[in-house]
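Trainee: To be precise about what I am sending: the file is called final37.cif and holds mmCIF, C-alpha atoms.
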data_final
loop_
_atom_site.label_atom_id
_atom_site.label_comp_id
_atom_site.auth_asym_id
_atom_site.auth_seq_id
_atom_site.Cartn_x
_atom_site.Cartn_y
_atom_site.Cartn_z
CA MET A 1 19.83 -13.42 18.70
CA VAL A 2 16.62 -13.28 20.66
CA GLY A 3 15.95 -11.12 23.68
CA LEU A 4 13.00 -12.12 25.83
CA HIS A 5 11.02 -9.55 27.79
CA ARG A 6 8.63 -11.33 30.13
CA ASP A 7 8.19 -8.36 32.46
CA VAL A 8 7.03 -5.81 29.89
CA ASP A 9 3.76 -4.14 30.89
CA TYR A 10 2.28 -3.09 27.57
CA ARG A 11 -0.75 -1.64 29.33
CA GLN A 12 1.57 0.94 30.88
CA VAL A 13 3.18 1.50 27.48
CA VAL A 14 -0.22 2.32 25.99
CA THR A 15 -0.82 4.78 28.81
CA ASP A 16 2.56 6.45 28.45
CA LEU A 17 2.99 6.59 24.68
CA PRO A 18 3.14 8.79 22.76
CA ASP A 19 4.66 11.39 25.10
CA LYS A 20 3.59 14.25 22.83
CA PRO A 21 0.26 14.68 21.04
CA VAL A 22 -0.06 12.82 17.76
CA ALA A 23 -3.86 12.76 17.78
CA LEU A 24 -5.57 15.96 18.86
CA PRO A 25 -9.28 16.73 19.36
CA TYR A 26 -11.05 17.47 16.10
CA GLU A 27 -11.66 21.12 17.03
CA LEU A 28 -7.92 21.71 17.40
CA ARG A 29 -6.85 19.73 14.35
CA THR A 30 -9.02 21.81 12.06
CA GLU A 31 -7.19 24.94 13.23
CA MET A 32 -3.65 23.56 13.03
CA THR A 33 -1.29 23.63 10.09
CA TRP A 34 0.89 20.75 11.29
CA ILE A 35 2.13 18.23 8.76
CA ASP A 36 1.57 14.79 10.27
CA PHE A 37 4.50 12.38 9.84
CA SER A 38 3.38 10.25 12.79
CA HIS A 39 0.88 7.99 11.00
CA PRO A 40 1.99 5.76 8.09
CA VAL A 41 -0.91 6.20 5.69
CA ASN A 42 -0.85 6.56 1.92
CA PRO A 43 0.95 9.85 1.13
CA LEU A 44 -1.11 10.30 -2.05
CA GLY A 45 -4.21 10.87 0.04
CA CYS A 46 -7.66 9.38 -0.38
CA PRO A 47 -8.61 8.70 -4.03
CA ARG A 48 -11.19 11.06 -5.51
CA ALA A 49 -13.46 8.13 -6.38
CA ILE A 50 -13.64 7.06 -2.73
CA VAL A 51 -14.33 10.61 -1.56
CA GLN A 52 -17.10 10.86 -4.15
CA ALA A 53 -18.58 7.54 -3.02
CA MET A 54 -18.69 8.75 0.59
CA HIS A 55 -20.27 12.03 -0.51
CA THR A 56 -22.91 10.20 -2.55
CA ALA A 57 -23.69 7.92 0.39
CA LEU A 58 -24.28 10.94 2.61
CA VAL A 59 -26.41 12.78 0.05
CA ASP A 60 -28.49 9.72 -0.84
CA GLY A 61 -29.10 8.90 2.82
CA GLU A 62 -27.44 5.48 2.73
CA ILE A 63 -25.96 5.94 6.20
CA ALA A 64 -29.49 6.18 7.56
CA PHE A 65 -29.59 2.38 7.43
CA SER A 66 -27.97 0.00 9.89
CA PRO A 67 -24.88 -1.74 8.49
CA ASP A 68 -24.69 -5.43 7.76
CA ARG A 69 -22.79 -6.84 10.72
CA ASP A 70 -21.45 -9.71 8.64
CA GLY A 71 -20.03 -7.25 6.12
CA HIS A 72 -21.17 -9.27 3.12
CA ALA A 73 -20.66 -6.48 0.58
CA LEU A 74 -17.06 -5.86 1.61
CA CYS A 75 -16.32 -9.58 2.03
CA ASP A 76 -17.56 -10.29 -1.49
CA ALA A 77 -15.60 -7.38 -2.98
CA ILE A 78 -12.35 -8.21 -1.16
CA ALA A 79 -12.63 -11.92 -1.93
CA GLY A 80 -13.15 -11.15 -5.61
CA ARG A 81 -10.12 -8.88 -5.72
CA LEU A 82 -7.90 -11.45 -3.95
CA GLY A 83 -9.24 -14.40 -5.93
CA MET A 84 -10.42 -16.14 -2.75
CA ALA A 85 -13.69 -17.65 -1.65
CA THR A 86 -15.87 -15.29 0.36
CA ASP A 87 -15.91 -17.63 3.36
CA ARG A 88 -12.19 -16.91 3.85
CA ILE A 89 -12.80 -13.22 4.62
CA LEU A 90 -14.08 -11.48 7.76
CA THR A 91 -14.38 -7.69 8.05
CA GLY A 92 -13.78 -5.35 10.96
CA THR A 93 -12.56 -1.87 11.77
CA SER A 94 -8.99 -2.17 13.09
CA PRO A 95 -6.14 -4.69 13.01
CA PHE A 96 -6.03 -4.78 16.82
CA GLU A 97 -9.73 -5.62 17.05
CA LEU A 98 -9.25 -8.46 14.56
CA ILE A 99 -6.11 -9.75 16.31
CA ARG A 100 -8.12 -10.09 19.52
CA ALA A 101 -11.06 -11.67 17.69
CA ALA A 102 -8.81 -14.21 15.99
CA ALA A 103 -6.70 -15.03 19.06
CA GLN A 104 -9.69 -15.71 21.30
CA VAL A 105 -10.78 -18.75 19.28
CA PHE A 106 -7.57 -20.61 20.17
CA MET A 107 -6.85 -22.33 23.47
CA PRO A 108 -5.12 -20.01 25.96
CA GLY A 109 -1.37 -20.39 25.82
CA MET A 110 1.96 -18.63 25.37
CA VAL A 111 2.17 -16.28 22.40
CA GLY A 112 5.35 -14.82 20.95
CA ILE A 113 5.10 -11.20 19.81
CA MET A 114 7.89 -9.81 17.67
CA SER A 115 9.06 -6.53 19.17
CA PRO A 116 9.33 -3.61 18.95
CA CYS A 117 5.72 -3.40 17.89
CA PRO A 118 2.54 -1.42 18.58
CA PRO A 119 1.61 -2.02 22.25
CA GLU A 120 -1.95 -2.82 21.13
CA TYR A 121 -0.72 -6.23 19.91
CA ALA A 122 -0.05 -7.37 23.46
CA LEU A 123 -3.26 -5.84 24.76
CA ALA A 124 -5.24 -7.73 22.13
CA ILE A 125 -3.49 -11.00 23.03
CA GLU A 126 -4.03 -10.50 26.77
CA ASN A 127 -7.67 -9.58 26.24
CA ALA A 128 -8.09 -12.83 24.30
CA GLY A 129 -6.92 -14.78 27.36
CA HIS A 130 -3.31 -15.56 26.39
CA ARG A 131 0.04 -14.92 27.98
CA TYR A 132 2.81 -13.45 25.83
CA VAL A 133 6.54 -13.10 25.55
CA CYS A 134 8.23 -10.39 23.48
CA LEU A 135 10.75 -11.63 20.95
CA SER A 136 13.47 -9.21 19.88
CA ASN A 137 16.38 -9.79 17.57
CA THR A 138 19.49 -8.45 19.29
CA ARG A 139 21.48 -8.21 16.05
CA SER A 140 19.03 -6.46 13.79
CA PHE A 141 15.36 -5.57 13.52
CA ALA A 142 14.61 -8.51 11.23
CA THR A 143 12.07 -11.00 12.58
CA VAL A 144 13.87 -13.52 14.74
CA ASP A 145 13.92 -17.09 13.45
CA ALA A 146 11.19 -19.32 14.89
CA TYR A 147 13.58 -22.08 15.91
CA THR A 148 15.80 -19.66 17.81
CA ALA A 149 12.74 -18.19 19.47
CA ARG A 150 11.61 -21.65 20.52
CA ASP A 151 15.04 -22.54 21.90
CA GLU A 152 15.10 -19.41 24.03
CA ALA A 153 11.44 -19.01 25.00
CA GLY A 154 10.25 -22.59 24.93
CA GLN A 155 7.35 -23.89 22.91
CA LEU A 156 5.09 -21.11 21.63
CA ASP A 157 1.42 -21.86 21.04
CA GLY A 158 0.95 -18.83 18.81
CA ALA A 159 2.75 -15.85 17.32
CA VAL A 160 1.90 -12.31 16.23
CA LEU A 161 4.08 -10.91 13.44
CA ALA A 162 3.86 -8.04 10.96
CA ASN A 163 4.74 -7.50 7.31
CA PRO A 164 6.21 -4.87 7.37
CA ALA A 165 6.65 -4.40 11.10
CA TYR A 166 6.02 -1.07 12.79
CA PRO A 167 8.12 0.86 13.77
CA THR A 168 11.12 -1.10 12.44
CA SER A 169 9.90 -1.00 8.81
CA ARG A 170 11.21 -4.50 8.08
CA LEU A 171 9.42 -7.01 5.88
CA LEU A 172 8.66 -10.58 6.88
CA SER A 173 10.13 -13.25 4.63
CA SER A 174 7.96 -16.20 3.59
CA ALA A 175 10.64 -18.63 4.80
CA THR A 176 10.61 -17.12 8.31
CA LEU A 177 6.81 -17.18 8.42
CA ILE A 178 6.70 -20.81 7.32
CA HIS A 179 9.03 -21.73 10.17
CA TYR A 180 6.58 -20.16 12.62
CA LEU A 181 3.65 -21.91 10.96
CA GLU A 182 5.45 -25.22 11.36
CA THR A 183 6.32 -24.68 15.03
CA CYS A 184 3.21 -22.84 16.34
CA SER A 185 -0.42 -23.86 16.45
CA TRP A 186 -1.44 -20.53 14.94
CA VAL A 187 0.14 -17.35 13.57
CA ILE A 188 -1.38 -13.90 12.98
CA VAL A 189 0.36 -11.56 10.52
CA ASP A 190 -0.56 -7.87 10.42
CA GLU A 191 -0.18 -6.64 6.83
CA SER A 192 -1.72 -3.20 7.38
CA ASN A 193 1.19 -1.51 5.58
CA ILE A 194 2.03 -4.09 2.91
CA GLU A 195 0.53 -2.08 0.03
CA LEU A 196 2.72 0.86 1.08
CA SER A 197 5.97 -1.08 1.28
CA PHE A 198 9.15 -0.98 -0.78
CA GLY A 199 9.14 -4.21 -2.77
CA GLY A 200 7.07 -6.11 -0.23
CA GLU A 201 5.30 -9.37 -1.05
CA SER A 202 2.11 -10.34 0.74
CA VAL A 203 1.92 -13.63 2.62
CA LEU A 204 -1.76 -13.99 1.70
CA PRO A 205 -1.08 -16.83 -0.78
CA LEU A 206 0.08 -18.97 2.16
CA VAL A 207 -3.44 -18.88 3.60
CA GLU A 208 -4.45 -21.48 1.01
CA GLU A 209 -1.73 -23.87 2.20
CA TYR A 210 -1.62 -23.23 5.96
CA PRO A 211 -4.94 -23.39 7.86
CA ASN A 212 -3.22 -22.03 10.99
CA LEU A 213 -2.43 -18.67 9.36
CA VAL A 214 -4.50 -15.49 9.79
CA VAL A 215 -3.58 -12.41 7.73
CA ILE A 216 -4.97 -8.97 8.58
CA ARG A 217 -5.03 -5.95 6.26
CA THR A 218 -6.29 -2.38 6.61
CA PRO A 219 -7.75 -0.56 3.57
CA SER A 220 -8.01 2.60 5.69
CA VAL A 221 -4.21 2.82 5.66
CA THR A 222 -3.85 1.74 2.04
CA TYR A 223 -6.28 4.37 0.76
CA GLY A 224 -5.24 7.23 3.03
CA MET A 225 -8.45 7.48 5.07
CA PRO A 226 -7.69 6.60 8.71
CA GLY A 227 -10.84 8.49 9.75
CA VAL A 228 -12.93 5.74 8.12
CA PRO A 229 -11.67 2.59 9.92
CA ILE A 230 -11.99 -0.52 7.76
CA ALA A 231 -10.02 -3.75 8.15
CA TYR A 232 -10.39 -7.41 7.24
CA LEU A 233 -8.77 -10.76 7.88
CA ALA A 234 -8.20 -13.74 5.60
CA ALA A 235 -7.96 -17.26 6.97
CA HIS A 236 -9.11 -20.84 6.50
CA PRO A 237 -12.93 -21.07 6.30
CA ARG A 238 -13.06 -23.15 9.48
CA THR A 239 -11.09 -20.49 11.37
CA VAL A 240 -13.28 -17.71 9.97
CA ARG A 241 -16.42 -19.56 11.09
CA ARG A 242 -15.02 -19.94 14.61
CA ILE A 243 -14.12 -16.24 14.77
CA ARG A 244 -17.49 -15.16 13.41
CA ALA A 245 -19.27 -17.24 16.07
CA LEU A 246 -17.72 -15.04 18.78
CA TYR A 247 -17.64 -11.77 16.81
CA ASP A 248 -20.68 -9.52 16.90
CA GLY A 249 -19.56 -7.12 14.16
CA GLY A 250 -21.05 -4.24 16.11
CA SER A 251 -18.23 -1.85 15.22
CA ILE A 252 -18.62 -2.22 11.45
CA SER A 253 -19.86 0.99 9.83
CA MET A 254 -22.15 1.54 6.85
CA PHE A 255 -19.17 2.96 4.95
CA SER A 256 -17.77 -0.59 4.68
CA GLU A 257 -20.71 -1.48 2.49
CA VAL A 258 -21.05 1.69 0.44
CA LEU A 259 -17.30 1.79 -0.33
CA ALA A 260 -16.84 -1.93 -1.03
CA LYS A 261 -16.93 -1.87 -4.83
CA THR A 262 -15.04 1.43 -5.03
CA LEU A 263 -12.20 0.18 -2.82
CA VAL A 264 -11.40 -2.79 -5.02
CA ALA A 265 -11.50 -0.71 -8.21
CA GLN A 266 -8.47 1.40 -7.32
CA GLY A 267 -5.85 -0.61 -9.21
CA ALA A 268 -4.41 2.44 -10.98
CA TYR A 269 -4.16 4.29 -7.66
CA ILE A 270 -2.27 1.38 -6.08
CA ASP A 271 0.10 1.24 -9.06
CA GLU A 272 0.71 4.99 -8.73
CA THR A 273 1.37 4.52 -5.01
CA HIS A 274 3.95 1.79 -5.64
CA GLU A 275 5.66 3.86 -8.33
CA PHE A 276 5.88 6.83 -5.97
CA LEU A 277 7.06 4.92 -2.89
CA ASP A 278 9.67 2.92 -4.82
CA LYS A 279 11.46 6.23 -5.33
CA GLU A 280 10.46 8.19 -2.25
CA ILE A 281 11.27 5.63 0.47
CA PRO A 282 14.95 5.36 -0.61
CA TRP A 283 15.12 9.16 -1.04
CA MET A 284 13.72 9.72 2.46
CA GLN A 285 16.18 7.25 3.98
CA CYS A 286 19.09 8.92 2.23
CA MET A 287 18.11 12.46 3.21
CA LEU A 288 17.44 11.55 6.85
CA SER A 289 20.79 9.77 7.08
CA LEU A 290 22.51 13.01 6.01
CA VAL A 291 20.97 15.03 8.84
CA PRO A 292 23.60 15.55 11.58
CA GLY A 293 22.93 13.55 14.73
CA ILE A 294 20.39 11.22 13.10
CA SER A 295 20.98 7.52 12.46
CA ILE A 296 18.46 5.63 10.35
CA TYR A 297 17.66 1.93 9.99
CA PRO A 298 16.82 0.19 6.69
CA ALA A 299 13.21 0.92 5.74
CA GLU A 300 11.02 -1.41 3.70
CA GLY A 301 7.75 0.28 4.61
CA ASN A 302 6.58 3.86 4.16
CA PHE A 303 8.11 4.90 7.48
CA VAL A 304 11.70 5.19 8.69
CA LEU A 305 12.98 4.26 12.15
CA CYS A 306 15.39 6.97 13.32
CA GLU A 307 17.67 7.34 16.32
CA PHE A 308 19.12 10.55 17.73
CA SER A 309 22.81 9.94 18.41
CA LEU A 310 25.50 12.42 19.33
CA ALA A 311 29.01 11.54 18.20
CA ASP A 312 31.94 12.48 20.45
CA GLY A 313 32.56 16.20 20.26
CA MET A 314 29.39 16.89 18.26
CA ARG A 315 27.47 20.00 19.27
CA LEU A 316 23.89 20.29 18.08
CA GLY A 317 20.90 22.52 18.70
CA VAL A 318 19.18 19.88 20.86
CA SER A 319 20.46 17.28 23.30
CA CYS A 320 18.00 14.39 22.89
CA ALA A 321 15.24 12.96 20.71
CA GLU A 322 12.50 14.28 23.00
CA GLU A 323 13.76 17.84 22.63
CA LEU A 324 14.02 17.42 18.86
CA ILE A 325 10.44 16.14 18.66
CA ILE A 326 9.14 19.09 20.68
CA ARG A 327 11.06 21.55 18.52
CA LEU A 328 9.63 19.90 15.40
CA GLN A 329 6.12 20.28 16.80
CA LEU A 330 6.74 23.96 17.39
CA ALA A 331 7.89 24.19 13.76
CA GLY A 332 4.69 22.49 12.54
CA PHE A 333 5.72 18.82 12.15
CA LEU A 334 4.52 15.73 14.03
CA VAL A 335 6.72 12.62 14.22
CA ARG A 336 6.13 9.50 16.31
CA PRO A 337 8.08 9.40 19.62
CA LEU A 338 9.11 5.92 20.73
CA LYS A 339 10.35 6.62 24.23
CA GLY A 340 9.87 3.59 26.48
CA THR A 341 9.04 1.20 23.64
CA PRO A 342 10.08 -2.37 24.55
CA GLY A 343 12.59 -3.81 22.08
CA LEU A 344 14.37 -0.50 21.52
CA ALA A 345 17.70 -0.02 23.26
CA SER A 346 17.18 3.61 24.28
CA ASP A 347 14.68 6.46 24.47
CA GLU A 348 16.32 8.20 21.50
CA PHE A 349 14.24 6.49 18.81
CA PHE A 350 11.45 8.06 16.79
CA CYS A 351 9.63 7.15 13.59
CA VAL A 352 9.02 9.30 10.51
CA SER A 353 6.44 8.41 7.87
CA VAL A 354 6.97 9.10 4.17
CA LYS A 355 4.78 11.79 2.63
CA LEU A 356 4.88 13.82 -0.58
CA ARG A 357 8.26 15.13 -1.74
CA ASN A 358 7.65 18.78 -0.90
CA GLU A 359 6.44 17.82 2.60
CA ASN A 360 9.36 15.48 3.12
CA GLN A 361 11.79 18.19 2.04
CA ARG A 362 10.23 20.68 4.45
CA LEU A 363 10.68 18.21 7.33
CA ILE A 364 14.31 17.57 6.39
CA ASP A 365 14.99 21.30 6.19
CA ALA A 366 13.36 21.87 9.59
CA MET A 367 15.40 19.09 11.20
CA ARG A 368 18.62 20.50 9.76
CA SER A 369 17.75 23.97 10.98
CA ILE A 370 16.94 22.77 14.50
CA LEU A 371 19.99 20.50 14.82
CA ASN A 372 22.37 23.09 13.40
CA GLY A 373 21.17 25.52 16.04
#
Represent the structure from my file as structure tokens, please.
Mentor:
Amino acid sequence: MVGLHRDVDYRQVVTDLPDKPVALPYELRTEMTWIDFSHPVNPLGCPRAIVQAMHTALVDGEIAFSPDRDGHALCDAIAGRLGMATDRILTGTSPFELIRAAAQVFMPGMVGIMSPCPPEYALAIENAGHRYVCLSNTRSFATVDAYTARDEAGQLDGAVLANPAYPTSRLLSSATLIHYLETCSWVIVDESNIELSFGGESVLPLVEEYPNLVVIRTPSVTYGMPGVPIAYLAAHPRTVRRIRALYDGGSISMFSEVLAKTLVAQGAYIDETHEFLDKEIPWMQCMLSLVPGISIYPAEGNFVLCEFSLADGMRLGVSCAEELIIRLQLAGFLVRPLKGTPGLASDEFFCVSVKLRNENQRLIDAMRSILNG
């Protein structure tokens, strides 16, 4: 069930991917009319209250002050929302930064990384002084069982998992995570997309029971504002103290402080998001599966893993995923190419995020038009 990739050079993957532009210079982006399906952020957009809080901070001159590198305001707000003690929270700007910060406090060893995954996971682990092995389930994209991984790869000192995983869009079960917690010295779980999942349950409650667990979340994704990078981790107080001792907090912005109370007051917005995605994720899967030449995999996050596949005798307007992606760009749509991604069997995979219904319908229509020639 587990495929091990010891020779994967994720540094090269970072250099090579994505093949086509998914993040353009600001000057170009302001002139483009592309609809971006390449980044899985909240399709409802940034809440008005958060936009207003940022505007007020600019007008009142709050960003003229240096930010608190310990992020006390955000730590207090997040801890209150989660019902945790403040000493269990540490703030940052990106999940990859926090993965590296957390991993570097543990003794160097072998780390299992569930793949396919963002290549930045492996870069963060290497930069923290560890070696890694990629774990891939050869039967499905579900997270491989920890005991099977240990039998095939040997004893793992640590593991990096995700809930849900990108780009496979599969959730992590508590039972599977517990197996890793029982067989590894430490486990990091990236929950950047958990608030945007289809019926997903956070593993945060396990932090109280397992001191070797670190959970990372990204409000920037949850609240549809990737241009304002904010992230945090939750872990045992002893682990947080060790991380903080090596973490300078120099990347934390003033917006983390000025938005703290507003971020945790968006309960109605989160409920609206869940209500929308509970209907739109299944709809998007269904509609993509009906597009000729496209195979989809079960999605539990707000993004769908797709594969371009030509059946015998099928004649379509394009011959491969790369050509389809380019044609979509020319039509005004950006999707995430996954060519060369370790853990995927071919270069014909790509990932599509879920957006608003009218935008989703326009993408489906464009794909049909291109593929029908």
Trainee: For segment 72-88 of chain A, list every protein, DNA or RNA residue within 7 Å, evaluated using all atoms listed in the file, and leave out those in the same chain fewer than 2 positions away; present the list as a PyMOL selection string.
Mentor: chain A and resi 68+70+90-91+234-237+240+256-257+260-261+264
Trainee: Could those residues be written to a file, using C-alpha atoms, as a PDB file, in the frame of the given file?
Mentor:
ATOM      1  CA  ASP A  68     -24.690  -5.430   7.760  1.00  0.00           C
ATOM      2  CA  ASP A  70     -21.450  -9.710   8.640  1.00  0.00           C
ATOM      3  CA  LEU A  90     -14.080 -11.480   7.760  1.00  0.00           C
ATOM      4  CA  THR A  91     -14.380  -7.690   8.050  1.00  0.00           C
ATOM      5  CA  ALA A 234      -8.200 -13.740   5.600  1.00  0.00           C
ATOM      6  CA  ALA A 235      -7.960 -17.260   6.970  1.00  0.00           C
ATOM      7  CA  HIS A 236      -9.110 -20.840   6.500  1.00  0.00           C
ATOM      8  CA  PRO A 237     -12.930 -21.070   6.300  1.00  0.00           C
ATOM      9  CA  VAL A 240     -13.280 -17.710   9.970  1.00  0.00           C
ATOM     10  CA  SER A 256     -17.770  -0.590   4.680  1.00  0.00           C
ATOM     11  CA  GLU A 257     -20.710  -1.480   2.490  1.00  0.00           C
ATOM     12  CA  ALA A 260     -16.840  -1.930  -1.030  1.00  0.00           C
ATOM     13  CA  LYS A 261     -16.930  -1.870  -4.830  1.00  0.00           C
ATOM     14  CA  VAL A 264     -11.400  -2.790  -5.020  1.00  0.00           C
TER      15      VAL A 264
END
Trainee: In Å, rounded to a single decimal, give me how far atom CA of Leu135 of chain A is from atom CA of Cys351 of chain A.
Mentor: 20.2 Å
Trainee: Could you tell me which residues the PyMOL selection byres ((chain A and resi 44) around 10) returns for this structure, as a ChimeraX atom specification?
Mentor: /A:41-43,45-47,222-224,269-270,272-273,276-277,355-356
Trainee: For this structure, which residues satisfy the selection - the PyMOL selection byres ((chain A and resi 318) around 12) - when it is evaluated on the file as given? I want them as a compact mmCIF listing (two decimals) with C-alpha atoms, in the coordinates of the input.
Mentor:
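Output contents, as saved in result_29.txt:
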# COMPACT_ATOMS: atom_id res chain seq x y z
CA PRO A 292 23.60 15.55 11.58
CA GLY A 293 22.93 13.55 14.73
CA ILE A 294 20.39 11.22 13.10
CA PHE A 308 19.12 10.55 17.73
CA SER A 309 22.81 9.94 18.41
CA LEU A 310 25.50 12.42 19.33
CA MET A 314 29.39 16.89 18.26
CA ARG A 315 27.47 20.00 19.27
CA LEU A 316 23.89 20.29 18.08
CA GLY A 317 20.90 22.52 18.70
CA SER A 319 20.46 17.28 23.30
CA CYS A 320 18.00 14.39 22.89
CA ALA A 321 15.24 12.96 20.71
CA GLU A 322 12.50 14.28 23.00
CA GLU A 323 13.76 17.84 22.63
CA LEU A 324 14.02 17.42 18.86
CA ILE A 325 10.44 16.14 18.66
CA ILE A 326 9.14 19.09 20.68
CA ARG A 327 11.06 21.55 18.52
CA LEU A 328 9.63 19.90 15.40
CA MET A 367 15.40 19.09 11.20
CA ARG A 368 18.62 20.50 9.76
CA SER A 369 17.75 23.97 10.98
CA ILE A 370 16.94 22.77 14.50
CA LEU A 371 19.99 20.50 14.82
CA ASN A 372 22.37 23.09 13.40
CA GLY A 373 21.17 25.52 16.04
Trainee: Given the file shown, determine the residues that the PyMOL selection byres ((chain A and resi 147) around 8) selects; report them as a PDB file with C-alpha atoms, in the coordinates of the input.
Mentor:
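So the final result, stored in out.pdb, reads:
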ATOM      1  CA  ASP A 145      13.920 -17.090  13.450  1.00  0.00           C
ATOM      2  CA  ALA A 146      11.190 -19.320  14.890  1.00  0.00           C
ATOM      3  CA  THR A 148      15.800 -19.660  17.810  1.00  0.00           C
ATOM      4  CA  ALA A 149      12.740 -18.190  19.470  1.00  0.00           C
ATOM      5  CA  ARG A 150      11.610 -21.650  20.520  1.00  0.00           C
ATOM      6  CA  ASP A 151      15.040 -22.540  21.900  1.00  0.00           C
ATOM      7  CA  HIS A 179       9.030 -21.730  10.170  1.00  0.00           C
ATOM      8  CA  TYR A 180       6.580 -20.160  12.620  1.00  0.00           C
ATOM      9  CA  THR A 183       6.320 -24.680  15.030  1.00  0.00           C
TER      10      THR A 183
END
Trainee: What is the atom CA of Ser66 of chain A to atom CA of Ser253 of chain A distance in Å?
Mentor: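 Taking atom CA of Ser66 of chain A as the start and atom CA of Ser253 of chain A as the end point, the length is 8.2 Å.
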Trainee: For a cutoff of 12 Å around the file-coordinate point (-19.8, -14.3, 24.2), which residues qualify once you count all atoms listed in the file? I'd like the result as a list in words.
Mentor: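 These residues have at least one counted atom within 12 Å: Ala101, Gln104, Val105, Ala128, Ile243, Arg244, Ala245, Leu246, Tyr247 and Asp248 of chain A.
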Trainee: Extract, using all atoms listed in the file, all DNA, RNA and protein residues at most 12 Å from segment 33-37 of chain A, discarding same-chain residues fewer than 5 positions from it, and format them as a VMD selection string.
Mentor: chain A and resid 21 to 24 28 42 to 43 302 to 305 325 328 to 337 350 to 356 358 to 364 366
Trainee: Choose the residue, out of A:Leu123, A:Leu58, A:Val144, A:Leu213, that has the smallest atom-to-atom separation from Glu182 of chain A; count only C-alpha atoms.
Mentor: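 Using only C-alpha atoms, Glu182 of chain A sits closest to A:Leu213.
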Trainee: Just want the 8 Å neighbourhood of Tyr232 of chain A, counted on all atoms listed in the file, with same-chain residues fewer than 2 positions away dropped. Output as a list in words.
Mentor: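 Skipping anything fewer than 2 positions along the chain leaves Ile89, Leu90, Thr91, Gly92, Thr93, Ser94, Pro95, Leu98, Ile216, Arg217, Thr218, Ile230 and Ala234 of chain A.
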Trainee: Show me, as a PyMOL selection string, the residues that have an atom within 7 Å of segment 163-166 of chain A when counting all atoms listed in the file, minus same-chain residues fewer than 2 positions from it.
Mentor: chain A and resi 117-118+168-172+189-191+193-194+300-301
Trainee: Can you spit out the residues from that selection as a PDB file, in the frame of the given file, using C-alpha atoms?
Mentor:
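Result saved to selection26.pdb:
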ATOM      1  CA  CYS A 117       5.720  -3.400  17.890  1.00  0.00           C
ATOM      2  CA  PRO A 118       2.540  -1.420  18.580  1.00  0.00           C
ATOM      3  CA  THR A 168      11.120  -1.100  12.440  1.00  0.00           C
ATOM      4  CA  SER A 169       9.900  -1.000   8.810  1.00  0.00           C
ATOM      5  CA  ARG A 170      11.210  -4.500   8.080  1.00  0.00           C
ATOM      6  CA  LEU A 171       9.420  -7.010   5.880  1.00  0.00           C
ATOM      7  CA  LEU A 172       8.660 -10.580   6.880  1.00  0.00           C
ATOM      8  CA  VAL A 189       0.360 -11.560  10.520  1.00  0.00           C
ATOM      9  CA  ASP A 190      -0.560  -7.870  10.420  1.00  0.00           C
ATOM     10  CA  GLU A 191      -0.180  -6.640   6.830  1.00  0.00           C
ATOM     11  CA  ASN A 193       1.190  -1.510   5.580  1.00  0.00           C
ATOM     12  CA  ILE A 194       2.030  -4.090   2.910  1.00  0.00           C
ATOM     13  CA  GLU A 300      11.020  -1.410   3.700  1.00  0.00           C
ATOM     14  CA  GLY A 301       7.750   0.280   4.610  1.00  0.00           C
TER      15      GLY A 301
END
Trainee: What does the structure give for the distance between atom CA of Phe198 of chain A and atom CA of Tyr297 of chain A, in Å to one decimal?
Mentor: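 Separation between atom CA of Phe198 of chain A and atom CA of Tyr297 of chain A: 14.0 Å.
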Trainee: Compare A:Val221, A:Leu177, A:Val228, A:Met54 by their minimum atom-to-atom distance to Leu206 of chain A, counting all atoms listed in the file, and give me the closest one.
Mentor: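 Going through A:Val221, A:Leu177, A:Val228, A:Met54 one by one, the smallest distance to Leu206 of chain A is for A:Leu177.
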Trainee: Name the residues, using the chain letters and numbers of the file, that sit within 12 Å of (1.0, -19.4, 21.3) when counting only C-alpha atoms, and give them as a ChimeraX atom specification.
Mentor: /A:103-113,125-126,128-134,149-150,153-161,180-181,183-188,212
Trainee: Would you mind telling me which residue in A:Pro167, A:Leu196, A:Pro116, A:Val258 lies nearest to Asp60 of chain A when using only C-alpha atoms?
Mentor: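 Ranking A:Pro167, A:Leu196, A:Pro116, A:Val258 by distance to Asp60 of chain A, first place goes to A:Val258.
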Trainee: If the box runs along x, y and z of the file and leaves 6 Å on each side of segment 279-286 of chain A, what are its centre and edge lengths in Å, one decimal, as AutoDock Vina command-line options?
Mentor:
--center_x 14.8 --center_y 7.5 --center_z -0.7 --size_x 20.6 --size_y 16.4 --size_z 21.3
Trainee: With N, CA and C atoms as the goal, would you fill in the gaps in segment 325-330 of chain A and present it as a compact mmCIF listing (two decimals), in the frame of the given file?
Mentor:
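For reference, rebuild.txt as written:
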# COMPACT_ATOMS: atom_id res chain seq x y z
N ILE A 325 11.84 16.35 19.01
CA ILE A 325 10.44 16.14 18.66
C ILE A 325 9.60 17.35 19.06
N ILE A 326 9.88 17.91 20.23
CA ILE A 326 9.14 19.09 20.68
C ILE A 326 9.43 20.27 19.77
N ARG A 327 10.69 20.45 19.40
CA ARG A 327 11.06 21.55 18.52
C ARG A 327 10.41 21.39 17.14
N LEU A 328 10.30 20.15 16.67
CA LEU A 328 9.63 19.90 15.40
C LEU A 328 8.15 20.24 15.49
N GLN A 329 7.53 19.93 16.61
CA GLN A 329 6.12 20.28 16.80
C GLN A 329 5.94 21.79 16.74
N LEU A 330 6.83 22.50 17.40
CA LEU A 330 6.74 23.96 17.39
C LEU A 330 6.93 24.52 15.98
